[in-house]
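A short worksheet on the structure shown next.
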Amino acid sequence: MIPISLKPFENILVWLMGLIVVCGIIINTETRTDLPTAALCIAVLLMAINLFSISAVIVVALFGMLVLTTAFLYHGGFDRWESTADFYRDLTALAAVTLLALRCKKMCDGLNHKVVYFSGSQQLSQTGCLGFRSGREQLSWSDQSARIYEYPVGVMPTVSMILARTHPADVNLVQAGFEKAARREGLIEIKHRLLMPDGRIKHVHMTATPLHTRLGYIDYLGALRDVTASKQAEQALCRAQTQLAHVSRVTSLGELAASIAHEVNQPLAAITSSGEACRNWLSRPEPDLVEARQSLDRIIASSNRASEITRRVRALSRKCDPLRQNESLNDIVGETLSLVRHELAHHKINPIIELTAFGGQVNADRVQLQQVIINLIINACQAMDAVDPGERSLSVRTWVKDNEAVLEVADHGPGIPPDVLPQLFMPFFTTKENGLGMGLSICRSIIEFHEGRIWATNANGQGSAFLFALPIRVVNDSGYAAAL
Ligand code: ADP
């Protein structure tokens with residue numbers, strides 16, 4: 001239904017009536033009928049309020065007074081006391097109505113001004129307002145709300161119209177919001193999507209609060225914000241961060257290439273030697289099948305190990321969107337250490353591993369957390385390059401504290417100067433000759449994406465420690481994971 005504006009017709013009607021009344025005044029002045037001229041002047045004045053500005057209304061009022069005075073003089077009214085009194089009475093009435101009309105006009109103009117500001121600011125901030133009563137189909141909304149839902153401005157809104165525009169996957173959410181209103185709950189907040197008829201998706205944030213109770217009902221006042229632009233910017237940022245994290249992960253893998261090749265080579269060498277042994281056992285005049293079978297078992301175990309390593313490397317190099325699942329922090333650390341083991345040996349570092357975060361289930365993307373741990377370990381190795389090999393030590397510890405699973409990578413390197421500490425996690429901060437300075441910044445965005453925190457300290461004595469803490473998740477009976 002497209003509403004028709006009556007404003008032009010109203011204006012034409014008022015002009016027409018005004019013209020009729022003005023003619024009436026002239027004829028009345030001429031013929032002096034029973035209808036008082038003052039009443040007609042007042043009628044014209046009231047019409048002028050609707051059509052003209054304040055100054056024009058003043059001109060109309062003055063014109064009315066002039067007409068009254070002219071009529072009074074023209075008919076020689078000053079000869080009689082009664083007609084002079086009538087003239088003053090009419091003049092007073094016209095003046096009083098003029099004052100009241102001007103006051104009214106000023107208030108209306110102020111109100112109109114406010115309405116223009118109000119709807120302008122709603123349009124600028126992409127926020128509409130709506131009012132609804134619990135259990136009632138009809139509601140009211142501002143023009144901006146109609147624009148957000150993409151209904152014609154002026155159309156009578158209903159709950160069904162809102163549900164018709166709601167994304168099918170979010171209808172329950174919105175209905176739950178209205179049910180909350182029916183239960184007379186306080187603040188109601190719904191973040192949901194709209195599905196427009198042409199298939200576009202909009203993201204909106206609705207907040208409603210009870211306003212007042214009338215006849216046992218509660219009226220709610222709601223604000224509806226179109227957050228599509230910020231949501232899209234957020235998604236674009238997230239995509240860019242994921243891509244950046246992937247590039248940095250592949251770079252780290254490049255740094256670990258020798259280490260990974262060595263890791264794969266070990267089981268391959270074991271396969272070769274077990275294969276040769278197996279052949280020897282079988283080439284005997286009396287083949288030793290038991291020994292041959294054991295050699296074959298070793299071959300299978302080694303090839304499984306090799307394929308497990310390639311699986312991990314492939315997972316790290318794959319470009320995919322983050323997938324958060326319930327994971328054990330200790331498992332992730334253990335798997336990561338197997339990838340950097342040779343790198344540590346290459347740097348002549350014998351790590352001290354203390355994984356005590358048993359039950360430290362975190363809701364994490366396995367690959368991204370591995371990336372953070374690899375980054376911290378490679379940094380620690382590089383920091384200890386200038387330290388005497390005998391003094392190099394690296395400890396990797398996990399523990400659970402205050403519902404958080406914590407990981408610490410502590411080295412025995414030169415430590416971090418206090419003035420550098422605040423800049424460590426900033427993009428492009430590096431003290432290395434060939435450094436890019438993105439590693440720790442990406443680590444921070446990954447940890448923050450996991451609702452955790454990451455920080456660095458100077459260890460007591462020598463070296464530095466990098467720690468991150470992630471909220472521990474519990475899985476309740478319904479399988480829904482929640483932060484403790
Ligand atoms: P890059 O390794 O490319 O420099 P990072 O963001 O990983 O980028 O590190 C930024 C800076 O943080 C490094 O240049 C270094 O100065 C400092 N840093 C990182 N880890 C350590 C560490 N374990 N000990 C001392 N300084 C460190």
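Every chain in the structure tokens has a letter given in the order shown (A, B, ...), and although residue numbers restart at 1 in each chain, ligands are simply numbered from 1 in the order shown.
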Practice task
Step by step, measure atom-to-atom distances between ligand 1 and each residue using only C-alpha atoms and all ligand atoms, keep those at most 9 Å, then write them as a PyMOL selection string.
Solution key: chain A and resi 375-384+409-417+420-421+423-443+456+458+463-466
Which of stretch 200-364 of chain A fall in strand (DSSP E), as a tab-separated table (two decimals) with C-alpha atoms, in the first residue's frame:
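The new file result-v9.tsv reads:
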chain	number	residue	atom	x	y	z
A	201	ILE	CA	21.44	-8.96	3.72
A	202	LYS	CA	21.43	-6.17	6.26
A	203	HIS	CA	22.74	-6.37	9.81
A	204	VAL	CA	20.71	-4.53	12.43
A	205	HIS	CA	20.98	-4.02	16.16
A	206	MET	CA	17.73	-3.42	17.99
A	207	THR	CA	17.57	-2.22	21.59
A	208	ALA	CA	14.27	-1.69	23.34
A	209	THR	CA	13.40	-0.54	26.81
A	210	PRO	CA	10.05	-0.33	28.65
A	211	LEU	CA	8.75	3.21	28.56
A	212	HIS	CA	5.53	3.34	30.54
A	213	THR	CA	2.55	1.25	31.51
A	214	ARG	CA	-0.89	2.09	30.14
A	217	TYR	CA	0.14	-2.86	29.01
A	218	ILE	CA	3.78	-1.90	28.74
A	219	ASP	CA	4.90	0.31	25.87
A	220	TYR	CA	8.42	-0.29	24.66
A	221	LEU	CA	10.61	2.26	22.95
A	222	GLY	CA	13.19	0.76	20.63
A	223	ALA	CA	16.19	1.98	18.64
A	224	LEU	CA	16.99	0.19	15.42
A	225	ARG	CA	20.54	0.66	14.10
A	226	ASP	CA	21.67	-0.41	10.66
A	325	GLN	CA	36.74	-26.05	18.11
A	326	ASN	CA	37.21	-27.41	21.58
A	327	GLU	CA	40.93	-28.20	21.76
A	328	SER	CA	43.38	-29.18	24.46
A	352	ILE	CA	62.41	-27.73	29.16
A	353	ILE	CA	58.79	-28.72	28.66
A	354	GLU	CA	56.29	-28.56	31.52
A	355	LEU	CA	52.76	-29.01	30.31
A	361	GLN	CA	40.18	-27.04	26.89
A	362	VAL	CA	40.09	-23.91	24.81
A	363	ASN	CA	37.80	-22.92	21.98
A	364	ALA	CA	40.48	-22.41	19.38
Handout entry: Of the listed residues A:Gly334, A:Pro322, A:Gly135, A:Pro422, that which approaches A:Gly216 most closely, counting only C-alpha atoms
Key =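 Under the stated criterion, the closest residue is A:Gly135.
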Problem - Backbone-only DSSP, alpha helix (DSSP H) members of stretch 90-156 of chain A, as a PyMOL selection string - result: chain A and resi 90-124+143-149
Exercise for the section: Would you list the contacts of A:Ile472 as number ranges by chain, taking every protein, DNA or RNA residue within 12 Å and counting only C-alpha atoms, but skipping same-chain residues closer than 3 positions in sequence? Expected result: A: 326-329, 357-364, 399-406, 450-452, 469, 475, 481-484
Those same residues, written as a PDB file, in the first residue's frame with N, CA and C atoms?
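Written file, again_2.pdb:
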ATOM      1  N   ASN A 326      36.681 -27.126  20.244  1.00  0.00           N
ATOM      2  CA  ASN A 326      37.213 -27.410  21.579  1.00  0.00           C
ATOM      3  C   ASN A 326      38.529 -28.158  21.434  1.00  0.00           C
ATOM      4  N   GLU A 327      39.602 -27.581  21.921  1.00  0.00           N
ATOM      5  CA  GLU A 327      40.927 -28.197  21.757  1.00  0.00           C
ATOM      6  C   GLU A 327      41.641 -28.198  23.097  1.00  0.00           C
ATOM      7  N   SER A 328      42.561 -29.175  23.243  1.00  0.00           N
ATOM      8  CA  SER A 328      43.382 -29.183  24.457  1.00  0.00           C
ATOM      9  C   SER A 328      44.647 -28.385  24.166  1.00  0.00           C
ATOM     10  N   LEU A 329      44.923 -27.394  25.023  1.00  0.00           N
ATOM     11  CA  LEU A 329      46.112 -26.553  24.801  1.00  0.00           C
ATOM     12  C   LEU A 329      47.372 -27.414  24.813  1.00  0.00           C
ATOM     13  N   ALA A 357      48.745 -27.876  31.951  1.00  0.00           N
ATOM     14  CA  ALA A 357      47.374 -27.369  31.736  1.00  0.00           C
ATOM     15  C   ALA A 357      46.451 -28.519  31.361  1.00  0.00           C
ATOM     16  N   PHE A 358      46.394 -29.536  32.248  1.00  0.00           N
ATOM     17  CA  PHE A 358      45.504 -30.669  31.955  1.00  0.00           C
ATOM     18  C   PHE A 358      44.077 -30.150  32.022  1.00  0.00           C
ATOM     19  N   GLY A 359      43.299 -30.584  31.089  1.00  0.00           N
ATOM     20  CA  GLY A 359      41.897 -30.126  31.087  1.00  0.00           C
ATOM     21  C   GLY A 359      41.771 -28.705  30.599  1.00  0.00           C
ATOM     22  N   GLY A 360      42.880 -28.147  30.096  1.00  0.00           N
ATOM     23  CA  GLY A 360      42.818 -26.773  29.596  1.00  0.00           C
ATOM     24  C   GLY A 360      42.196 -26.741  28.216  1.00  0.00           C
ATOM     25  N   GLN A 361      40.885 -27.018  28.166  1.00  0.00           N
ATOM     26  CA  GLN A 361      40.178 -27.039  26.887  1.00  0.00           C
ATOM     27  C   GLN A 361      39.868 -25.612  26.464  1.00  0.00           C
ATOM     28  N   VAL A 362      40.345 -25.266  25.295  1.00  0.00           N
ATOM     29  CA  VAL A 362      40.088 -23.911  24.813  1.00  0.00           C
ATOM     30  C   VAL A 362      39.319 -23.995  23.502  1.00  0.00           C
ATOM     31  N   ASN A 363      38.560 -22.946  23.221  1.00  0.00           N
ATOM     32  CA  ASN A 363      37.797 -22.923  21.978  1.00  0.00           C
ATOM     33  C   ASN A 363      38.682 -22.218  20.942  1.00  0.00           C
ATOM     34  N   ALA A 364      39.438 -23.036  20.186  1.00  0.00           N
ATOM     35  CA  ALA A 364      40.484 -22.412  19.380  1.00  0.00           C
ATOM     36  C   ALA A 364      40.590 -23.015  17.998  1.00  0.00           C
ATOM     37  N   TRP A 399      49.855 -23.954  32.103  1.00  0.00           N
ATOM     38  CA  TRP A 399      49.158 -24.185  33.358  1.00  0.00           C
ATOM     39  C   TRP A 399      47.769 -23.551  33.299  1.00  0.00           C
ATOM     40  N   VAL A 400      46.971 -23.877  34.284  1.00  0.00           N
ATOM     41  CA  VAL A 400      45.616 -23.303  34.342  1.00  0.00           C
ATOM     42  C   VAL A 400      45.535 -22.408  35.568  1.00  0.00           C
ATOM     43  N   LYS A 401      45.046 -21.192  35.365  1.00  0.00           N
ATOM     44  CA  LYS A 401      44.883 -20.285  36.511  1.00  0.00           C
ATOM     45  C   LYS A 401      43.681 -19.385  36.264  1.00  0.00           C
ATOM     46  N   ASP A 402      42.854 -19.249  37.271  1.00  0.00           N
ATOM     47  CA  ASP A 402      41.678 -18.366  37.197  1.00  0.00           C
ATOM     48  C   ASP A 402      40.869 -18.575  35.918  1.00  0.00           C
ATOM     49  N   ASN A 403      40.539 -19.820  35.646  1.00  0.00           N
ATOM     50  CA  ASN A 403      39.729 -20.160  34.467  1.00  0.00           C
ATOM     51  C   ASN A 403      40.375 -19.769  33.147  1.00  0.00           C
ATOM     52  N   GLU A 404      41.695 -19.720  33.171  1.00  0.00           N
ATOM     53  CA  GLU A 404      42.394 -19.430  31.919  1.00  0.00           C
ATOM     54  C   GLU A 404      43.487 -20.478  31.727  1.00  0.00           C
ATOM     55  N   ALA A 405      43.680 -20.880  30.486  1.00  0.00           N
ATOM     56  CA  ALA A 405      44.808 -21.766  30.181  1.00  0.00           C
ATOM     57  C   ALA A 405      45.937 -20.855  29.707  1.00  0.00           C
ATOM     58  N   VAL A 406      47.081 -20.985  30.393  1.00  0.00           N
ATOM     59  CA  VAL A 406      48.195 -20.059  30.115  1.00  0.00           C
ATOM     60  C   VAL A 406      49.354 -20.815  29.489  1.00  0.00           C
ATOM     61  N   HIS A 450      40.698 -14.968  19.758  1.00  0.00           N
ATOM     62  CA  HIS A 450      40.299 -16.072  20.639  1.00  0.00           C
ATOM     63  C   HIS A 450      39.853 -15.573  22.020  1.00  0.00           C
ATOM     64  N   GLU A 451      39.602 -14.291  22.122  1.00  0.00           N
ATOM     65  CA  GLU A 451      39.178 -13.639  23.385  1.00  0.00           C
ATOM     66  C   GLU A 451      40.206 -13.810  24.491  1.00  0.00           C
ATOM     67  N   GLY A 452      41.460 -13.907  24.124  1.00  0.00           N
ATOM     68  CA  GLY A 452      42.512 -14.071  25.129  1.00  0.00           C
ATOM     69  C   GLY A 452      43.370 -12.832  25.198  1.00  0.00           C
ATOM     70  N   ALA A 469      47.125 -16.096  27.501  1.00  0.00           N
ATOM     71  CA  ALA A 469      46.105 -16.771  28.313  1.00  0.00           C
ATOM     72  C   ALA A 469      44.801 -16.793  27.532  1.00  0.00           C
ATOM     73  N   VAL A 475      31.937 -27.677  28.096  1.00  0.00           N
ATOM     74  CA  VAL A 475      30.836 -28.082  27.232  1.00  0.00           C
ATOM     75  C   VAL A 475      29.731 -28.583  28.133  1.00  0.00           C
ATOM     76  N   ALA A 481      29.203 -24.843  24.059  1.00  0.00           N
ATOM     77  CA  ALA A 481      30.441 -24.467  24.734  1.00  0.00           C
ATOM     78  C   ALA A 481      30.302 -23.057  25.285  1.00  0.00           C
ATOM     79  N   ALA A 482      30.681 -22.882  26.526  1.00  0.00           N
ATOM     80  CA  ALA A 482      30.568 -21.552  27.118  1.00  0.00           C
ATOM     81  C   ALA A 482      31.815 -21.243  27.915  1.00  0.00           C
ATOM     82  N   ALA A 483      32.124 -19.943  28.002  1.00  0.00           N
ATOM     83  CA  ALA A 483      33.300 -19.550  28.810  1.00  0.00           C
ATOM     84  C   ALA A 483      32.937 -19.750  30.263  1.00  0.00           C
ATOM     85  N   LEU A 484      33.913 -20.162  31.049  1.00  0.00           N
ATOM     86  CA  LEU A 484      33.642 -20.387  32.479  1.00  0.00           C
ATOM     87  C   LEU A 484      33.386 -19.075  33.175  1.00  0.00           C
TER      88      LEU A 484
END
Residue neighbourhood A:Val21, 8 Å, only C-alpha atoms, exclusion window fewer than 6 positions, as a PDB file with N, CA and C atoms, in the first residue's frame:
ATOM      1  N   LEU A  40     -14.530  37.205  10.837  1.00  0.00           N
ATOM      2  CA  LEU A  40     -13.963  36.813   9.532  1.00  0.00           C
ATOM      3  C   LEU A  40     -12.457  37.070   9.503  1.00  0.00           C
ATOM      4  N   ALA A  43     -10.785  34.377  11.293  1.00  0.00           N
ATOM      5  CA  ALA A  43     -10.758  33.149  10.475  1.00  0.00           C
ATOM      6  C   ALA A  43      -9.603  33.204   9.480  1.00  0.00           C
ATOM      7  N   VAL A  44      -9.440  34.391   8.817  1.00  0.00           N
ATOM      8  CA  VAL A  44      -8.330  34.533   7.847  1.00  0.00           C
ATOM      9  C   VAL A  44      -6.987  34.355   8.562  1.00  0.00           C
TER      10      VAL A  44
END
Neighbouring residues of A:Tyr88 were defined as those with any atom within 12 Å, considering only C-alpha atoms; residues of the same chain fewer than 4 positions away were excluded. Please report them as a PDB file with all heavy atoms, in the first residue's frame.
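So the final result, stored in around_24.pdb, reads:
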ATOM      1  N   ALA A  38     -14.870  41.142  12.513  1.00  0.00           N
ATOM      2  CA  ALA A  38     -13.758  40.642  13.353  1.00  0.00           C
ATOM      3  C   ALA A  38     -13.669  39.131  13.265  1.00  0.00           C
ATOM      4  O   ALA A  38     -12.565  38.573  13.174  1.00  0.00           O
ATOM      5  CB  ALA A  38     -13.980  41.073  14.801  1.00  0.00           C
ATOM      6  N   MET A  65      -6.754  44.436  11.198  1.00  0.00           N
ATOM      7  CA  MET A  65      -7.031  45.600  12.040  1.00  0.00           C
ATOM      8  C   MET A  65      -7.371  46.815  11.175  1.00  0.00           C
ATOM      9  O   MET A  65      -8.245  47.632  11.505  1.00  0.00           O
ATOM     10  CB  MET A  65      -5.826  45.891  12.926  1.00  0.00           C
ATOM     11  CG  MET A  65      -5.689  44.864  14.044  1.00  0.00           C
ATOM     12  SD  MET A  65      -4.202  45.085  14.967  1.00  0.00           S
ATOM     13  CE  MET A  65      -4.255  43.658  16.013  1.00  0.00           C
ATOM     14  N   LEU A  68     -10.880  46.456   9.961  1.00  0.00           N
ATOM     15  CA  LEU A  68     -11.823  46.790  11.046  1.00  0.00           C
ATOM     16  C   LEU A  68     -11.933  48.292  11.208  1.00  0.00           C
ATOM     17  O   LEU A  68     -13.034  48.860  11.314  1.00  0.00           O
ATOM     18  CB  LEU A  68     -11.339  46.168  12.358  1.00  0.00           C
ATOM     19  CG  LEU A  68     -11.620  44.669  12.586  1.00  0.00           C
ATOM     20  CD1 LEU A  68     -11.122  44.235  13.950  1.00  0.00           C
ATOM     21  CD2 LEU A  68     -13.121  44.392  12.497  1.00  0.00           C
ATOM     22  N   THR A  69     -10.747  48.974  11.214  1.00  0.00           N
ATOM     23  CA  THR A  69     -10.725  50.426  11.423  1.00  0.00           C
ATOM     24  C   THR A  69     -11.422  51.122  10.256  1.00  0.00           C
ATOM     25  O   THR A  69     -12.237  52.051  10.454  1.00  0.00           O
ATOM     26  CB  THR A  69      -9.258  50.912  11.547  1.00  0.00           C
ATOM     27  OG1 THR A  69      -8.563  50.012  12.374  1.00  0.00           O
ATOM     28  CG2 THR A  69      -9.171  52.318  12.102  1.00  0.00           C
ATOM     29  N   PHE A  72     -15.060  50.694  10.464  1.00  0.00           N
ATOM     30  CA  PHE A  72     -15.580  51.527  11.556  1.00  0.00           C
ATOM     31  C   PHE A  72     -15.716  52.987  11.101  1.00  0.00           C
ATOM     32  O   PHE A  72     -16.744  53.623  11.292  1.00  0.00           O
ATOM     33  CB  PHE A  72     -14.618  51.386  12.755  1.00  0.00           C
ATOM     34  CG  PHE A  72     -14.895  52.318  13.878  1.00  0.00           C
ATOM     35  CD1 PHE A  72     -16.077  52.239  14.620  1.00  0.00           C
ATOM     36  CD2 PHE A  72     -13.979  53.326  14.197  1.00  0.00           C
ATOM     37  CE1 PHE A  72     -16.310  53.109  15.663  1.00  0.00           C
ATOM     38  CE2 PHE A  72     -14.225  54.199  15.241  1.00  0.00           C
ATOM     39  CZ  PHE A  72     -15.391  54.091  15.971  1.00  0.00           C
ATOM     40  N   GLY A  77     -18.936  54.999  12.625  1.00  0.00           N
ATOM     41  CA  GLY A  77     -19.206  54.360  13.921  1.00  0.00           C
ATOM     42  C   GLY A  77     -18.832  55.245  15.097  1.00  0.00           C
ATOM     43  O   GLY A  77     -19.372  55.092  16.204  1.00  0.00           O
ATOM     44  N   PHE A  78     -17.893  56.211  14.887  1.00  0.00           N
ATOM     45  CA  PHE A  78     -17.443  57.052  16.003  1.00  0.00           C
ATOM     46  C   PHE A  78     -18.555  57.974  16.495  1.00  0.00           C
ATOM     47  O   PHE A  78     -18.438  58.604  17.523  1.00  0.00           O
ATOM     48  CB  PHE A  78     -16.202  57.864  15.616  1.00  0.00           C
ATOM     49  CG  PHE A  78     -16.309  58.490  14.246  1.00  0.00           C
ATOM     50  CD1 PHE A  78     -16.959  59.724  14.078  1.00  0.00           C
ATOM     51  CD2 PHE A  78     -15.777  57.862  13.126  1.00  0.00           C
ATOM     52  CE1 PHE A  78     -17.061  60.285  12.818  1.00  0.00           C
ATOM     53  CE2 PHE A  78     -15.887  58.440  11.876  1.00  0.00           C
ATOM     54  CZ  PHE A  78     -16.531  59.662  11.700  1.00  0.00           C
ATOM     55  N   TRP A  81     -21.512  55.795  20.869  1.00  0.00           N
ATOM     56  CA  TRP A  81     -20.642  55.158  21.874  1.00  0.00           C
ATOM     57  C   TRP A  81     -20.634  53.638  21.732  1.00  0.00           C
ATOM     58  O   TRP A  81     -19.587  52.992  21.811  1.00  0.00           O
ATOM     59  CB  TRP A  81     -21.087  55.587  23.283  1.00  0.00           C
ATOM     60  CG  TRP A  81     -20.445  54.737  24.367  1.00  0.00           C
ATOM     61  CD1 TRP A  81     -21.065  53.914  25.238  1.00  0.00           C
ATOM     62  CD2 TRP A  81     -19.062  54.614  24.623  1.00  0.00           C
ATOM     63  NE1 TRP A  81     -20.167  53.277  26.052  1.00  0.00           N
ATOM     64  CE2 TRP A  81     -18.898  53.701  25.675  1.00  0.00           C
ATOM     65  CE3 TRP A  81     -17.907  55.200  24.063  1.00  0.00           C
ATOM     66  CZ2 TRP A  81     -17.668  53.339  26.213  1.00  0.00           C
ATOM     67  CZ3 TRP A  81     -16.688  54.816  24.612  1.00  0.00           C
ATOM     68  CH2 TRP A  81     -16.576  53.900  25.655  1.00  0.00           C
ATOM     69  N   GLU A  82     -21.836  52.986  21.440  1.00  0.00           N
ATOM     70  CA  GLU A  82     -21.942  51.525  21.359  1.00  0.00           C
ATOM     71  C   GLU A  82     -21.056  50.968  20.252  1.00  0.00           C
ATOM     72  O   GLU A  82     -20.324  50.003  20.451  1.00  0.00           O
ATOM     73  CB  GLU A  82     -23.395  51.075  21.067  1.00  0.00           C
ATOM     74  CG  GLU A  82     -24.372  51.278  22.181  1.00  0.00           C
ATOM     75  CD  GLU A  82     -24.922  52.701  22.160  1.00  0.00           C
ATOM     76  OE1 GLU A  82     -24.931  53.329  21.072  1.00  0.00           O
ATOM     77  OE2 GLU A  82     -25.320  53.197  23.228  1.00  0.00           O
ATOM     78  N   SER A  83     -21.151  51.661  19.055  1.00  0.00           N
ATOM     79  CA  SER A  83     -20.355  51.125  17.938  1.00  0.00           C
ATOM     80  C   SER A  83     -18.868  51.334  18.208  1.00  0.00           C
ATOM     81  O   SER A  83     -18.027  50.518  17.806  1.00  0.00           O
ATOM     82  CB  SER A  83     -20.784  51.731  16.608  1.00  0.00           C
ATOM     83  OG  SER A  83     -20.758  53.136  16.715  1.00  0.00           O
ATOM     84  N   THR A  84     -18.488  52.448  18.921  1.00  0.00           N
ATOM     85  CA  THR A  84     -17.063  52.654  19.267  1.00  0.00           C
ATOM     86  C   THR A  84     -16.611  51.545  20.208  1.00  0.00           C
ATOM     87  O   THR A  84     -15.522  50.959  20.047  1.00  0.00           O
ATOM     88  CB  THR A  84     -16.856  54.021  19.951  1.00  0.00           C
ATOM     89  OG1 THR A  84     -17.475  55.013  19.155  1.00  0.00           O
ATOM     90  CG2 THR A  84     -15.383  54.328  20.122  1.00  0.00           C
ATOM     91  N   THR A  92      -9.644  44.336  20.212  1.00  0.00           N
ATOM     92  CA  THR A  92      -9.000  43.609  21.316  1.00  0.00           C
ATOM     93  C   THR A  92      -9.011  42.113  21.030  1.00  0.00           C
ATOM     94  O   THR A  92      -8.000  41.424  21.210  1.00  0.00           O
ATOM     95  CB  THR A  92      -9.751  43.868  22.650  1.00  0.00           C
ATOM     96  OG1 THR A  92     -10.008  45.239  22.736  1.00  0.00           O
ATOM     97  CG2 THR A  92      -8.956  43.400  23.842  1.00  0.00           C
ATOM     98  N   ALA A  93     -10.182  41.599  20.551  1.00  0.00           N
ATOM     99  CA  ALA A  93     -10.285  40.162  20.279  1.00  0.00           C
ATOM    100  C   ALA A  93      -9.282  39.758  19.215  1.00  0.00           C
ATOM    101  O   ALA A  93      -8.563  38.757  19.341  1.00  0.00           O
ATOM    102  CB  ALA A  93     -11.693  39.813  19.818  1.00  0.00           C
ATOM    103  N   LEU A  94      -9.194  40.598  18.142  1.00  0.00           N
ATOM    104  CA  LEU A  94      -8.260  40.272  17.055  1.00  0.00           C
ATOM    105  C   LEU A  94      -6.814  40.288  17.558  1.00  0.00           C
ATOM    106  O   LEU A  94      -6.010  39.411  17.223  1.00  0.00           O
ATOM    107  CB  LEU A  94      -8.453  41.274  15.909  1.00  0.00           C
ATOM    108  CG  LEU A  94      -7.669  40.962  14.637  1.00  0.00           C
ATOM    109  CD1 LEU A  94      -8.065  39.610  14.066  1.00  0.00           C
ATOM    110  CD2 LEU A  94      -7.891  42.049  13.575  1.00  0.00           C
ATOM    111  N   ALA A  95      -6.495  41.292  18.392  1.00  0.00           N
ATOM    112  CA  ALA A  95      -5.127  41.395  18.923  1.00  0.00           C
ATOM    113  C   ALA A  95      -4.808  40.177  19.785  1.00  0.00           C
ATOM    114  O   ALA A  95      -3.704  39.592  19.699  1.00  0.00           O
ATOM    115  CB  ALA A  95      -4.975  42.677  19.742  1.00  0.00           C
TER     116      ALA A  95
END
Problem - Contacts of stretch 302-306 of chain A at 10 Å (only C-alpha atoms; same-chain gap of 6+ positions) as number ranges by chain - result: A: 263-272, 274, 296
Practice task
Have a look at atom CA of A:Ser55 and atom CA of A:Gly18 and let me know their distance in Å, one decimal.
Solution key: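 One can read the atom CA of A:Ser55 to atom CA of A:Gly18 distance as 17.6 Å.
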Practice task
Have a look at atom CA of A:Val57 and atom CA of A:Met17 and let me know their distance in Å, one decimal.
Solution key: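 Pair atom CA of A:Val57 / atom CA of A:Met17 returns 16.2 Å.
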Exercise for the section: Determine the nearest neighbour of A:Arg249 from the options A:Leu337, A:Ile454, A:Cys320, A:Leu407, counting only C-alpha atoms. Expected result: A:Cys320
